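In what follows, a single structure is set out as structure tokens and then discussed.
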Amino acid sequence: MSERDLRLFLVLDAVLAERSVTRAASRLGVTQSAVSHSLRELRSRLGDPLLVRTSAGLEPTPLAQSLRPDLRMGLDALERLLRHQPRFDPATSTRSFSLATPDHPQFTMIPEFIGQLRRMAPGVNVRIRAIGPGLPDELASGRLDLVLAGAEVEQVLALDREAMRTRVIDEPFCCLLRRGHPALAGPLDLQTYVALPHVLVSTTGGETGIVDDALAALGLCRRVAVTVPSFPAAAYIVASSDLIATLPKAVTDRADLLDVEIRTPPLDLPRSVAYLWWHPRFQHDPGHTWWRHALAKALSPFRGDES
């Protein structure tokens, strides 16, 4: 059914109800000429006058009278459909939600969130997976609800005008060294920092990171002695070696079970920023809205000031 057909049906319903072109126009909020034009089109298409003028006003023909019950039933059903607002109740839902994320949120932020989730939505199932290829297609299809990531997916998603996002993590980087490391005998200055062998966490397989970019701006470079795809692996490697790692604060704050110490990097680094990404198809879906808002709220302690 086209928009034009719907408009004609609305006009017919109003004229049959009001038995007056003037009152039907007022009811519909249109001009009398618009109602008259639609009525002429209906008469032509149905081959029937539909309403005829009598001394008592406009009266419906037998065809118009036979059409009205089905017409009214159809318009009532359409009105109920337009009024329908789907709801989502986390306390009773058994829906499954998914999230793709690097590994460090899985041990720094997600565990506490899952504990909260079990209390407020005990029937909801969660599937957390690693960042992988095909993210835009998975988000668009609904196979994946959200991506929690930063620079590692920027080229894939940030330039995709269809992707929507909200910033949920904004924190500084910190340096991690094993306790008793010779470099801790004095201040961790830039010269000492550059001279140390480093652990690089590369979730995408790249050979450099933001530290290398910051050092290059100063005309300096470091030696990356070990590259790993995992933030926890980097922390454990540092605890067992003379390597240094520069990691997001959420990671270093949770390394206290290891025999390590935390220091401030001796150079200016951009903050560790991550976003929740989703497809606009699901912007107004009640369940999806609840899922991303609940996750964003749980991550709020890791978000710095907007300024």
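Identifiers for the structure tokens are assigned positionally: chains receive A, B, ... in sequence, residues are indexed from 1 per chain, and ligands are indexed from 1 in the order shown.
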message = List as a PyMOL selection string the protein and nucleic acid residues near Arg263 (chain A), meaning an atom at most 7 Å away when only C-alpha atoms are counted, but skip any in the same chain fewer than 6 places from it.
response = chain A and resi 174-176
Among region 112-276 of chain A, which residues carry a DSSP assignment of alpha helix (DSSP H), reported as a PDB file with N, CA and C atoms, in the first residue's frame?
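The result, written out as part30.pdb:
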ATOM      1  N   GLU A 112      33.597  -6.901  36.916  1.00  0.00           N
ATOM      2  CA  GLU A 112      32.674  -6.252  37.851  1.00  0.00           C
ATOM      3  C   GLU A 112      31.331  -5.968  37.181  1.00  0.00           C
ATOM      4  N   PHE A 113      31.371  -5.594  35.901  1.00  0.00           N
ATOM      5  CA  PHE A 113      30.137  -5.338  35.163  1.00  0.00           C
ATOM      6  C   PHE A 113      29.291  -6.607  35.063  1.00  0.00           C
ATOM      7  N   ILE A 114      29.934  -7.745  34.809  1.00  0.00           N
ATOM      8  CA  ILE A 114      29.191  -9.003  34.711  1.00  0.00           C
ATOM      9  C   ILE A 114      28.528  -9.324  36.044  1.00  0.00           C
ATOM     10  N   GLY A 115      29.225  -9.026  37.154  1.00  0.00           N
ATOM     11  CA  GLY A 115      28.615  -9.225  38.470  1.00  0.00           C
ATOM     12  C   GLY A 115      27.360  -8.391  38.640  1.00  0.00           C
ATOM     13  N   GLN A 116      27.422  -7.137  38.225  1.00  0.00           N
ATOM     14  CA  GLN A 116      26.246  -6.268  38.294  1.00  0.00           C
ATOM     15  C   GLN A 116      25.144  -6.774  37.371  1.00  0.00           C
ATOM     16  N   LEU A 117      25.548  -7.233  36.195  1.00  0.00           N
ATOM     17  CA  LEU A 117      24.589  -7.703  35.195  1.00  0.00           C
ATOM     18  C   LEU A 117      23.820  -8.913  35.705  1.00  0.00           C
ATOM     19  N   ARG A 118      24.491  -9.795  36.392  1.00  0.00           N
ATOM     20  CA  ARG A 118      23.827 -10.992  36.907  1.00  0.00           C
ATOM     21  C   ARG A 118      22.751 -10.644  37.923  1.00  0.00           C
ATOM     22  N   ARG A 119      22.939  -9.525  38.610  1.00  0.00           N
ATOM     23  CA  ARG A 119      21.930  -9.125  39.595  1.00  0.00           C
ATOM     24  C   ARG A 119      20.742  -8.430  38.941  1.00  0.00           C
ATOM     25  N   MET A 120      20.982  -7.583  37.936  1.00  0.00           N
ATOM     26  CA  MET A 120      19.875  -6.816  37.358  1.00  0.00           C
ATOM     27  C   MET A 120      19.249  -7.492  36.141  1.00  0.00           C
ATOM     28  N   LEU A 135      34.141  -6.225  11.148  1.00  0.00           N
ATOM     29  CA  LEU A 135      33.330  -5.557  12.167  1.00  0.00           C
ATOM     30  C   LEU A 135      32.146  -4.768  11.589  1.00  0.00           C
ATOM     31  N   PRO A 136      32.336  -3.953  10.538  1.00  0.00           N
ATOM     32  CA  PRO A 136      31.186  -3.189  10.033  1.00  0.00           C
ATOM     33  C   PRO A 136      30.029  -4.073   9.601  1.00  0.00           C
ATOM     34  N   ASP A 137      30.327  -5.163   8.903  1.00  0.00           N
ATOM     35  CA  ASP A 137      29.268  -6.057   8.443  1.00  0.00           C
ATOM     36  C   ASP A 137      28.575  -6.747   9.610  1.00  0.00           C
ATOM     37  N   GLU A 138      29.353  -7.133  10.613  1.00  0.00           N
ATOM     38  CA  GLU A 138      28.761  -7.809  11.764  1.00  0.00           C
ATOM     39  C   GLU A 138      27.859  -6.866  12.555  1.00  0.00           C
ATOM     40  N   LEU A 139      28.268  -5.609  12.690  1.00  0.00           N
ATOM     41  CA  LEU A 139      27.436  -4.635  13.382  1.00  0.00           C
ATOM     42  C   LEU A 139      26.154  -4.364  12.595  1.00  0.00           C
ATOM     43  N   ALA A 140      26.281  -4.225  11.286  1.00  0.00           N
ATOM     44  CA  ALA A 140      25.119  -3.921  10.450  1.00  0.00           C
ATOM     45  C   ALA A 140      24.111  -5.059  10.454  1.00  0.00           C
ATOM     46  N   SER A 141      24.602  -6.297  10.497  1.00  0.00           N
ATOM     47  CA  SER A 141      23.705  -7.454  10.451  1.00  0.00           C
ATOM     48  C   SER A 141      23.079  -7.767  11.801  1.00  0.00           C
ATOM     49  N   LEU A 190      63.733  10.588  30.770  1.00  0.00           N
ATOM     50  CA  LEU A 190      63.557  10.211  29.365  1.00  0.00           C
ATOM     51  C   LEU A 190      64.740   9.405  28.846  1.00  0.00           C
ATOM     52  N   GLN A 191      65.951   9.797  29.253  1.00  0.00           N
ATOM     53  CA  GLN A 191      67.141   9.088  28.784  1.00  0.00           C
ATOM     54  C   GLN A 191      67.129   7.634  29.243  1.00  0.00           C
ATOM     55  N   THR A 192      66.772   7.419  30.513  1.00  0.00           N
ATOM     56  CA  THR A 192      66.699   6.052  31.047  1.00  0.00           C
ATOM     57  C   THR A 192      65.591   5.270  30.359  1.00  0.00           C
ATOM     58  N   TYR A 193      64.457   5.919  30.161  1.00  0.00           N
ATOM     59  CA  TYR A 193      63.296   5.284  29.544  1.00  0.00           C
ATOM     60  C   TYR A 193      63.624   4.781  28.142  1.00  0.00           C
ATOM     61  N   VAL A 194      64.287   5.624  27.347  1.00  0.00           N
ATOM     62  CA  VAL A 194      64.613   5.250  25.971  1.00  0.00           C
ATOM     63  C   VAL A 194      65.655   4.133  25.938  1.00  0.00           C
ATOM     64  N   ALA A 195      66.538   4.124  26.914  1.00  0.00           N
ATOM     65  CA  ALA A 195      67.617   3.130  26.916  1.00  0.00           C
ATOM     66  C   ALA A 195      67.128   1.739  27.304  1.00  0.00           C
ATOM     67  N   ILE A 210      51.850   4.145  20.126  1.00  0.00           N
ATOM     68  CA  ILE A 210      51.810   5.581  20.397  1.00  0.00           C
ATOM     69  C   ILE A 210      53.093   6.078  21.051  1.00  0.00           C
ATOM     70  N   VAL A 211      53.766   5.211  21.816  1.00  0.00           N
ATOM     71  CA  VAL A 211      55.042   5.615  22.419  1.00  0.00           C
ATOM     72  C   VAL A 211      56.066   5.906  21.331  1.00  0.00           C
ATOM     73  N   ASP A 212      56.107   5.065  20.327  1.00  0.00           N
ATOM     74  CA  ASP A 212      57.051   5.270  19.223  1.00  0.00           C
ATOM     75  C   ASP A 212      56.753   6.571  18.484  1.00  0.00           C
ATOM     76  N   ASP A 213      55.470   6.875  18.307  1.00  0.00           N
ATOM     77  CA  ASP A 213      55.102   8.130  17.649  1.00  0.00           C
ATOM     78  C   ASP A 213      55.545   9.333  18.474  1.00  0.00           C
ATOM     79  N   ALA A 214      55.334   9.250  19.804  1.00  0.00           N
ATOM     80  CA  ALA A 214      55.716  10.365  20.672  1.00  0.00           C
ATOM     81  C   ALA A 214      57.233  10.549  20.699  1.00  0.00           C
ATOM     82  N   LEU A 215      57.963   9.441  20.717  1.00  0.00           N
ATOM     83  CA  LEU A 215      59.430   9.531  20.701  1.00  0.00           C
ATOM     84  C   LEU A 215      59.935  10.061  19.363  1.00  0.00           C
ATOM     85  N   ALA A 216      59.330   9.637  18.277  1.00  0.00           N
ATOM     86  CA  ALA A 216      59.750  10.107  16.953  1.00  0.00           C
ATOM     87  C   ALA A 216      59.596  11.608  16.828  1.00  0.00           C
ATOM     88  N   ALA A 217      58.554  12.164  17.482  1.00  0.00           N
ATOM     89  CA  ALA A 217      58.361  13.612  17.447  1.00  0.00           C
ATOM     90  C   ALA A 217      59.494  14.341  18.153  1.00  0.00           C
ATOM     91  N   PHE A 231      47.613  -7.516  26.844  1.00  0.00           N
ATOM     92  CA  PHE A 231      48.031  -6.623  27.923  1.00  0.00           C
ATOM     93  C   PHE A 231      48.423  -7.399  29.190  1.00  0.00           C
ATOM     94  N   PRO A 232      47.651  -8.378  29.634  1.00  0.00           N
ATOM     95  CA  PRO A 232      48.089  -9.148  30.807  1.00  0.00           C
ATOM     96  C   PRO A 232      49.431  -9.830  30.574  1.00  0.00           C
ATOM     97  N   ALA A 233      49.663 -10.329  29.350  1.00  0.00           N
ATOM     98  CA  ALA A 233      50.952 -10.970  29.059  1.00  0.00           C
ATOM     99  C   ALA A 233      52.100  -9.988  29.244  1.00  0.00           C
ATOM    100  N   ALA A 234      51.883  -8.739  28.813  1.00  0.00           N
ATOM    101  CA  ALA A 234      52.927  -7.728  28.966  1.00  0.00           C
ATOM    102  C   ALA A 234      53.247  -7.498  30.438  1.00  0.00           C
ATOM    103  N   ALA A 235      52.217  -7.435  31.282  1.00  0.00           N
ATOM    104  CA  ALA A 235      52.445  -7.210  32.711  1.00  0.00           C
ATOM    105  C   ALA A 235      53.220  -8.361  33.333  1.00  0.00           C
ATOM    106  N   TYR A 236      52.878  -9.589  32.963  1.00  0.00           N
ATOM    107  CA  TYR A 236      53.593 -10.747  33.514  1.00  0.00           C
ATOM    108  C   TYR A 236      55.027 -10.806  33.009  1.00  0.00           C
ATOM    109  N   ILE A 237      55.246 -10.440  31.766  1.00  0.00           N
ATOM    110  CA  ILE A 237      56.609 -10.435  31.228  1.00  0.00           C
ATOM    111  C   ILE A 237      57.473  -9.413  31.958  1.00  0.00           C
ATOM    112  N   VAL A 238      56.922  -8.236  32.210  1.00  0.00           N
ATOM    113  CA  VAL A 238      57.663  -7.198  32.938  1.00  0.00           C
ATOM    114  C   VAL A 238      58.034  -7.690  34.335  1.00  0.00           C
ATOM    115  N   ALA A 239      57.091  -8.371  35.000  1.00  0.00           N
ATOM    116  CA  ALA A 239      57.346  -8.837  36.372  1.00  0.00           C
ATOM    117  C   ALA A 239      58.473  -9.856  36.434  1.00  0.00           C
ATOM    118  N   LYS A 249      46.295   2.862  32.376  1.00  0.00           N
ATOM    119  CA  LYS A 249      46.270   2.877  33.840  1.00  0.00           C
ATOM    120  C   LYS A 249      45.402   1.764  34.417  1.00  0.00           C
ATOM    121  N   ALA A 250      44.307   1.422  33.735  1.00  0.00           N
ATOM    122  CA  ALA A 250      43.451   0.354  34.236  1.00  0.00           C
ATOM    123  C   ALA A 250      44.206  -0.961  34.345  1.00  0.00           C
ATOM    124  N   VAL A 251      45.165  -1.170  33.436  1.00  0.00           N
ATOM    125  CA  VAL A 251      45.960  -2.396  33.471  1.00  0.00           C
ATOM    126  C   VAL A 251      46.975  -2.345  34.602  1.00  0.00           C
ATOM    127  N   THR A 252      47.719  -1.236  34.690  1.00  0.00           N
ATOM    128  CA  THR A 252      48.755  -1.151  35.730  1.00  0.00           C
ATOM    129  C   THR A 252      48.144  -1.135  37.127  1.00  0.00           C
ATOM    130  N   ASP A 253      46.960  -0.546  37.275  1.00  0.00           N
ATOM    131  CA  ASP A 253      46.301  -0.529  38.588  1.00  0.00           C
ATOM    132  C   ASP A 253      45.952  -1.934  39.057  1.00  0.00           C
TER     133      ASP A 253
END
ask   = Quick one: distance from CA of Leu28 (chain A) to CA of His284 (chain A) in Å, one decimal?
value =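 Distance between the two atoms: 29.1 Å.
Here the question is which of A:Ala64, A:Leu220, A:Ala245, A:Leu196 gets nearest to Ala17 (chain A) using only C-alpha atoms, and that residue is A:Ala64.
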